[in-house]
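To start, the structure itself, in structure tokens.
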Amino acid sequence: MNTAQDAARDLFRSVTGREPEGVWSAPGRVNLIGEHTDYNDGFVLPFAIPQRTVAVAGLRAEDRIRVVSTFADGAVEVALADLDALFPADAGSAARVPDWAAYPLGVAWALREAAPDAAAQGIDIAIASDVPVGAGLSSSAAIEGATASALNDLWTARLDRTALARVGRRAENEAVGAPTGIMDQMASMLGAPDAAIFLDCRTLDAVRVPVGVAEAGLVILVIDTRVSHTHATGGYRERREACERGAALLGVPSLRDVSVADLDSARRLLDDVTFRRVRHVVTENQRVLDTVRTLREQGARAIGDLLLASHASMRDDFEISVPELDTAVEAARGAGALGARMTGGGFGGAAIALVEQDAVDAVSDAVRDAFSHGGFAAPTVFPVTPAAGARRDA
Ligand code: GLA
């Protein structure tokens with residue numbers, strides 16, 4: 001167990017020659033449903049997963065911050081006073097710190113901005129993670145959540161979980177340069193065993209909704225396609241811009257303000273591509289609401305068709321799926337999964353499938369076979385259960 005924690009502790013000791021003051025961790029997430037709705041002020045239903053990122057930290061005498069991780073060799077060290085010169089990073093300019101270091105250093109910068117009275121002091125942080133990187137499971141939000149939690153405690157910043165999620169998103173947007181919403185950070189901060197987080201991204205009101213998968217005799221499988229992606233460039237940003245364009249043309253603050261009943265009139269005001277982008281977001285918001293209601297009234301067994309409809313909408317209207325993700329969904333479905341969909345930002349990453357406990361092997365095998373026939377690299381398939389959010393472990 002605790003391999004990430006052991007790795008981070010060892011790294012901390014070997015780089016600093018001291019014992020750490022504490023250990024913090026934050027999980028990755030799976031999104032049950034509600035994709036590309038967060039930055040449209042809409043609804044999402046993610047849950048935290050058992051895979052976590054660990055930050056081991058301790059204060060130091062010099063006013064410097066040093067970060068080290070198992071992601072890359074070598075420590076990155078800057079004076080606290082220089083964080084303001086590093087961030088916000090100018091879009092398109094050459095990174096002034098290695099990619100991975102922009103996450104923890106960006107969090108330190110954003111946390112000081114959010115809590116100017118915090119007792120910011122020199123600190124060493126060692127990071128290790130069990131969350132697969134580039135799999136669409138929010139390894140970045142896990143780094144942000146673990147680092148923000150460590151800094152919040154050691155700098156006595158006293159920010160609440162929602163504020164720490166905002167710190168993480170700010171680091172992601174302005175230090176890393178990925179124009180993401182706040183779903184992943186909120187899921188990582190607020191996750192709870194056995195529950196998904198029903199989040200209104202306009203108000204940031206969050207309600208825990210029991211998923212009840214095990215009670216229903218079901219399992220949620222993650223199918224990591226191993227198609228790596230980044231949201232700092234390309235398609236994610238384009239989709240976000242299309243949504244903003246759609247909202248502007250429809251004369252609303254955000255697509256949250258468009259309902260399914262409005263779509264017929266929206267079609268007349270928008271070009272075909274923009275309309276389909278809008279239709280995905282509007283119908284996806286409705287599917288989140290329907291999923292929450294269905295979970296409460298009928299249980300997990302009844303949400304399969306909503307997951308499938310979500311995937312079809314992302315494949316056909318939002319156009320963010322890839323052949324590997326479609327293959328995963330179709331193969332899982334063909335082998336009896338009740339529902340399946342890609343999860344996360346798209347263009348690679350992972351799908352989830354809702355399957356009977358006694359069909360896990362059959363579905364896993366069918367997915368592996370389909371990948372092999374399609375000429376794709378072998379996927380990684382594993383079960384997940386909703387798990388706890390960010391916390392101090394020691
Ligand atoms: C990524 C982003 C999130 C969200 C999803 C798509 O995970 O980080 O903010 O936009 O994509 O739902």
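In the structure tokens, the first chain shown is A, the next is B, and so on; residue numbers restart at 1 for each chain, and ligands run from 1 in the order shown.
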Selection near A:Arg240, 9 Å with only C-alpha atoms, sequence-local residues under 5 positions removed, as a count of residues only: 7
Environment of ligand 1 within 8 Å, counting only C-alpha atoms and all ligand atoms, reported as a ChimeraX atom specification: /A:31,34-39,44,136-138,141,178-184,231,236,343-346
Backbone DSSP call of alpha helix (DSSP H) for stretch 212-260 of chain A, listed as a ChimeraX atom specification: /A:235-250
What are the nearest atom pairs, with distances in Å to one decimal, for all residues of stretch 224-310 of chain A that come at most 9 Å from stretch 194-208 of chain A, using only C-alpha atoms, set out by chain and rising residue number as a Markdown table?
```
| residue | atom | partner | partner_atom | distance |
| --- | --- | --- | --- | --- |
| A:Arg256 | CA | A:Arg202 | CA | 8.4 |
| A:Val288 | CA | A:Phe198 | CA | 8.4 |
| A:Leu289 | CA | A:Phe198 | CA | 8.9 |
| A:Val292 | CA | A:Phe198 | CA | 7.6 |
```
Proximity to A:Asp393 - best of A:Phe71, A:Trp24, A:Phe12, A:Phe47, only C-alpha atoms: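 For A:Asp393, the nearest of the given residues is A:Trp24.
Straight-line separation from atom CA of A:Glu172 to atom CA of A:His311: 25.8 Å.
Relative to atom CA of A:Asp316, atom CA of A:Ala335 is found at 22.6 Å.
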Stretch 147-160 of chain A environment, 9 Å, only C-alpha atoms, sequence neighbours closer than 4 positions dropped, as a ChimeraX atom specification: /A:21-26,54-59,103-105,107-108,111-112,114-121,123,125,127,142-143,164-165,167-168,189,390-392
Excluding A:Ala328 and its own-chain neighbours fewer than 3 positions away, which residues fall within 9 Å of it when counting only C-alpha atoms? Please give them as a compact mmCIF listing (two decimals) with N, CA and C atoms, in the first residue's frame.
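See result_10.txt below for the written result:
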```txt
# COMPACT_ATOMS: atom_id res chain seq x y z
N ILE A 223 -11.61 2.42 -18.18
CA ILE A 223 -10.86 1.88 -19.32
C ILE A 223 -9.93 2.99 -19.79
N THR A 225 -7.50 4.38 -22.14
CA THR A 225 -7.12 4.04 -23.52
C THR A 225 -5.63 4.20 -23.77
N PRO A 323 -11.27 7.24 -31.74
CA PRO A 323 -11.67 5.85 -32.03
C PRO A 323 -11.49 4.90 -30.84
N GLU A 324 -10.43 5.09 -30.08
CA GLU A 324 -10.20 4.20 -28.94
C GLU A 324 -11.32 4.32 -27.91
N LEU A 325 -11.76 5.56 -27.66
CA LEU A 325 -12.85 5.75 -26.68
C LEU A 325 -14.15 5.16 -27.20
N ALA A 331 -17.49 -1.79 -27.17
CA ALA A 331 -17.14 -3.15 -26.75
C ALA A 331 -17.73 -3.45 -25.37
N ALA A 332 -17.68 -2.46 -24.48
CA ALA A 332 -18.24 -2.66 -23.14
C ALA A 332 -19.74 -2.92 -23.26
N ARG A 333 -20.38 -2.11 -24.06
CA ARG A 333 -21.82 -2.24 -24.26
C ARG A 333 -22.15 -3.62 -24.87
N ALA A 340 -21.92 3.19 -20.68
CA ALA A 340 -20.49 3.52 -20.76
C ALA A 340 -20.37 4.87 -21.44
N ARG A 341 -19.30 5.57 -21.12
CA ARG A 341 -19.07 6.88 -21.76
C ARG A 341 -17.61 7.27 -21.56
N MET A 342 -17.10 8.10 -22.44
CA MET A 342 -15.79 8.68 -22.15
C MET A 342 -15.96 9.63 -20.98
N ALA A 350 -9.70 8.35 -20.67
CA ALA A 350 -10.38 7.14 -20.23
C ALA A 350 -11.88 7.17 -20.49
N ALA A 351 -12.45 5.97 -20.54
CA ALA A 351 -13.90 5.78 -20.53
C ALA A 351 -14.26 5.08 -19.23
N ILE A 352 -15.54 5.19 -18.86
CA ILE A 352 -16.04 4.39 -17.74
C ILE A 352 -17.16 3.49 -18.25
N ALA A 353 -17.32 2.35 -17.59
CA ALA A 353 -18.41 1.44 -17.93
C ALA A 353 -19.07 0.96 -16.65
N ALA A 366 -13.61 -8.29 -23.42
CA ALA A 366 -14.18 -7.82 -24.69
C ALA A 366 -13.51 -6.50 -25.11
N VAL A 367 -13.26 -5.64 -24.16
CA VAL A 367 -12.62 -4.35 -24.48
C VAL A 367 -11.19 -4.60 -24.96
N ARG A 368 -10.48 -5.47 -24.28
CA ARG A 368 -9.09 -5.75 -24.69
C ARG A 368 -9.05 -6.36 -26.09
N ALA A 370 -11.28 -5.99 -28.46
CA ALA A 370 -11.66 -4.99 -29.46
C ALA A 370 -10.49 -4.06 -29.75
N PHE A 371 -9.71 -3.72 -28.73
CA PHE A 371 -8.54 -2.86 -28.95
C PHE A 371 -7.52 -3.58 -29.82
N PRO A 379 -5.40 -1.37 -23.60
CA PRO A 379 -5.89 -0.44 -22.57
C PRO A 379 -5.62 -1.00 -21.18
```
What's the 10 Å shell around A:Pro132, counting only C-alpha atoms, without same-chain residues fewer than 4 positions away, as a PDB file with N, CA and C atoms, in the first residue's frame?
```pdb
ATOM      1  N   GLY A  28      -7.411  11.726  -7.612  1.00  0.00           N
ATOM      2  CA  GLY A  28      -7.909  11.998  -8.952  1.00  0.00           C
ATOM      3  C   GLY A  28      -9.429  11.849  -8.945  1.00  0.00           C
ATOM      4  N   GLN A  51      -7.107   6.439  -6.242  1.00  0.00           N
ATOM      5  CA  GLN A  51      -5.739   6.816  -6.613  1.00  0.00           C
ATOM      6  C   GLN A  51      -5.465   8.257  -6.170  1.00  0.00           C
ATOM      7  N   ARG A  52      -4.325   8.468  -5.489  1.00  0.00           N
ATOM      8  CA  ARG A  52      -4.070   9.789  -4.883  1.00  0.00           C
ATOM      9  C   ARG A  52      -2.672  10.289  -5.223  1.00  0.00           C
ATOM     10  N   THR A  53      -2.540  11.607  -5.109  1.00  0.00           N
ATOM     11  CA  THR A  53      -1.227  12.239  -5.173  1.00  0.00           C
ATOM     12  C   THR A  53      -0.858  12.683  -3.767  1.00  0.00           C
ATOM     13  N   GLY A 136      -6.934  11.296 -18.220  1.00  0.00           N
ATOM     14  CA  GLY A 136      -8.243  11.917 -18.051  1.00  0.00           C
ATOM     15  C   GLY A 136      -8.803  11.686 -16.661  1.00  0.00           C
ATOM     16  N   LEU A 137      -7.929  11.362 -15.708  1.00  0.00           N
ATOM     17  CA  LEU A 137      -8.378  11.102 -14.339  1.00  0.00           C
ATOM     18  C   LEU A 137      -7.934  12.215 -13.393  1.00  0.00           C
ATOM     19  N   SER A 138      -7.591  13.359 -13.961  1.00  0.00           N
ATOM     20  CA  SER A 138      -7.281  14.560 -13.187  1.00  0.00           C
ATOM     21  C   SER A 138      -6.070  14.416 -12.287  1.00  0.00           C
ATOM     22  N   SER A 139      -5.000  13.898 -12.866  1.00  0.00           N
ATOM     23  CA  SER A 139      -3.751  13.878 -12.109  1.00  0.00           C
ATOM     24  C   SER A 139      -3.342  15.307 -11.754  1.00  0.00           C
ATOM     25  N   SER A 140      -3.681  16.272 -12.584  1.00  0.00           N
ATOM     26  CA  SER A 140      -3.277  17.648 -12.276  1.00  0.00           C
ATOM     27  C   SER A 140      -4.055  18.200 -11.095  1.00  0.00           C
ATOM     28  N   ASP A 224      -8.686   2.903 -19.370  1.00  0.00           N
ATOM     29  CA  ASP A 224      -7.702   3.925 -19.760  1.00  0.00           C
ATOM     30  C   ASP A 224      -7.186   3.551 -21.155  1.00  0.00           C
ATOM     31  N   ARG A 226      -4.927   4.867 -22.835  1.00  0.00           N
ATOM     32  CA  ARG A 226      -3.499   5.161 -22.997  1.00  0.00           C
ATOM     33  C   ARG A 226      -3.252   6.156 -24.123  1.00  0.00           C
ATOM     34  N   GLY A 349      -7.521   9.770 -23.128  1.00  0.00           N
ATOM     35  CA  GLY A 349      -7.900   9.532 -21.745  1.00  0.00           C
ATOM     36  C   GLY A 349      -8.745   8.296 -21.576  1.00  0.00           C
TER      37      GLY A 349
END
```
Selection near A:Glu244, 9 Å with only C-alpha atoms, sequence-local residues under 5 positions removed, as an NGL selection string: :A and (40 or 239 or 249 or 253-255)
With N, CA and C atoms retained, write the just-selected residues as a PDB file, in the first residue's frame.
```pdb
ATOM      1  N   ASN A  40     -19.277  26.244 -18.520  1.00  0.00           N
ATOM      2  CA  ASN A  40     -20.506  26.888 -19.004  1.00  0.00           C
ATOM      3  C   ASN A  40     -21.477  27.150 -17.858  1.00  0.00           C
ATOM      4  N   ARG A 239     -13.214  24.126 -28.098  1.00  0.00           N
ATOM      5  CA  ARG A 239     -14.575  23.837 -27.668  1.00  0.00           C
ATOM      6  C   ARG A 239     -15.070  24.921 -26.719  1.00  0.00           C
ATOM      7  N   LEU A 249     -23.949  34.670 -29.141  1.00  0.00           N
ATOM      8  CA  LEU A 249     -24.916  34.785 -30.239  1.00  0.00           C
ATOM      9  C   LEU A 249     -26.352  34.597 -29.744  1.00  0.00           C
ATOM     10  N   PRO A 253     -25.676  34.962 -20.663  1.00  0.00           N
ATOM     11  CA  PRO A 253     -24.357  35.024 -20.003  1.00  0.00           C
ATOM     12  C   PRO A 253     -23.561  33.740 -20.213  1.00  0.00           C
ATOM     13  N   SER A 254     -24.233  32.603 -20.171  1.00  0.00           N
ATOM     14  CA  SER A 254     -23.535  31.340 -20.406  1.00  0.00           C
ATOM     15  C   SER A 254     -24.555  30.304 -20.876  1.00  0.00           C
ATOM     16  N   LEU A 255     -24.071  29.177 -21.361  1.00  0.00           N
ATOM     17  CA  LEU A 255     -24.985  28.162 -21.897  1.00  0.00           C
ATOM     18  C   LEU A 255     -25.840  27.525 -20.801  1.00  0.00           C
TER      19      LEU A 255
END
```
From A:Val15, A:Ala175, A:Leu354, A:Ala261, residue lying nearest A:Val67 [only C-alpha atoms]: A:Val15
Strand (DSSP E) positions in stretch 45-293 of chain A, given as a PyMOL selection string: chain A and resi 45-59+64-69+72-79+123-129+195-200+205-210+218-224
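Each of A:Gly374, A:Gln357, A:Asn285, A:Ser321 was compared to A:Gly42 using only C-alpha atoms, and A:Asn285 turns out to be the nearest.
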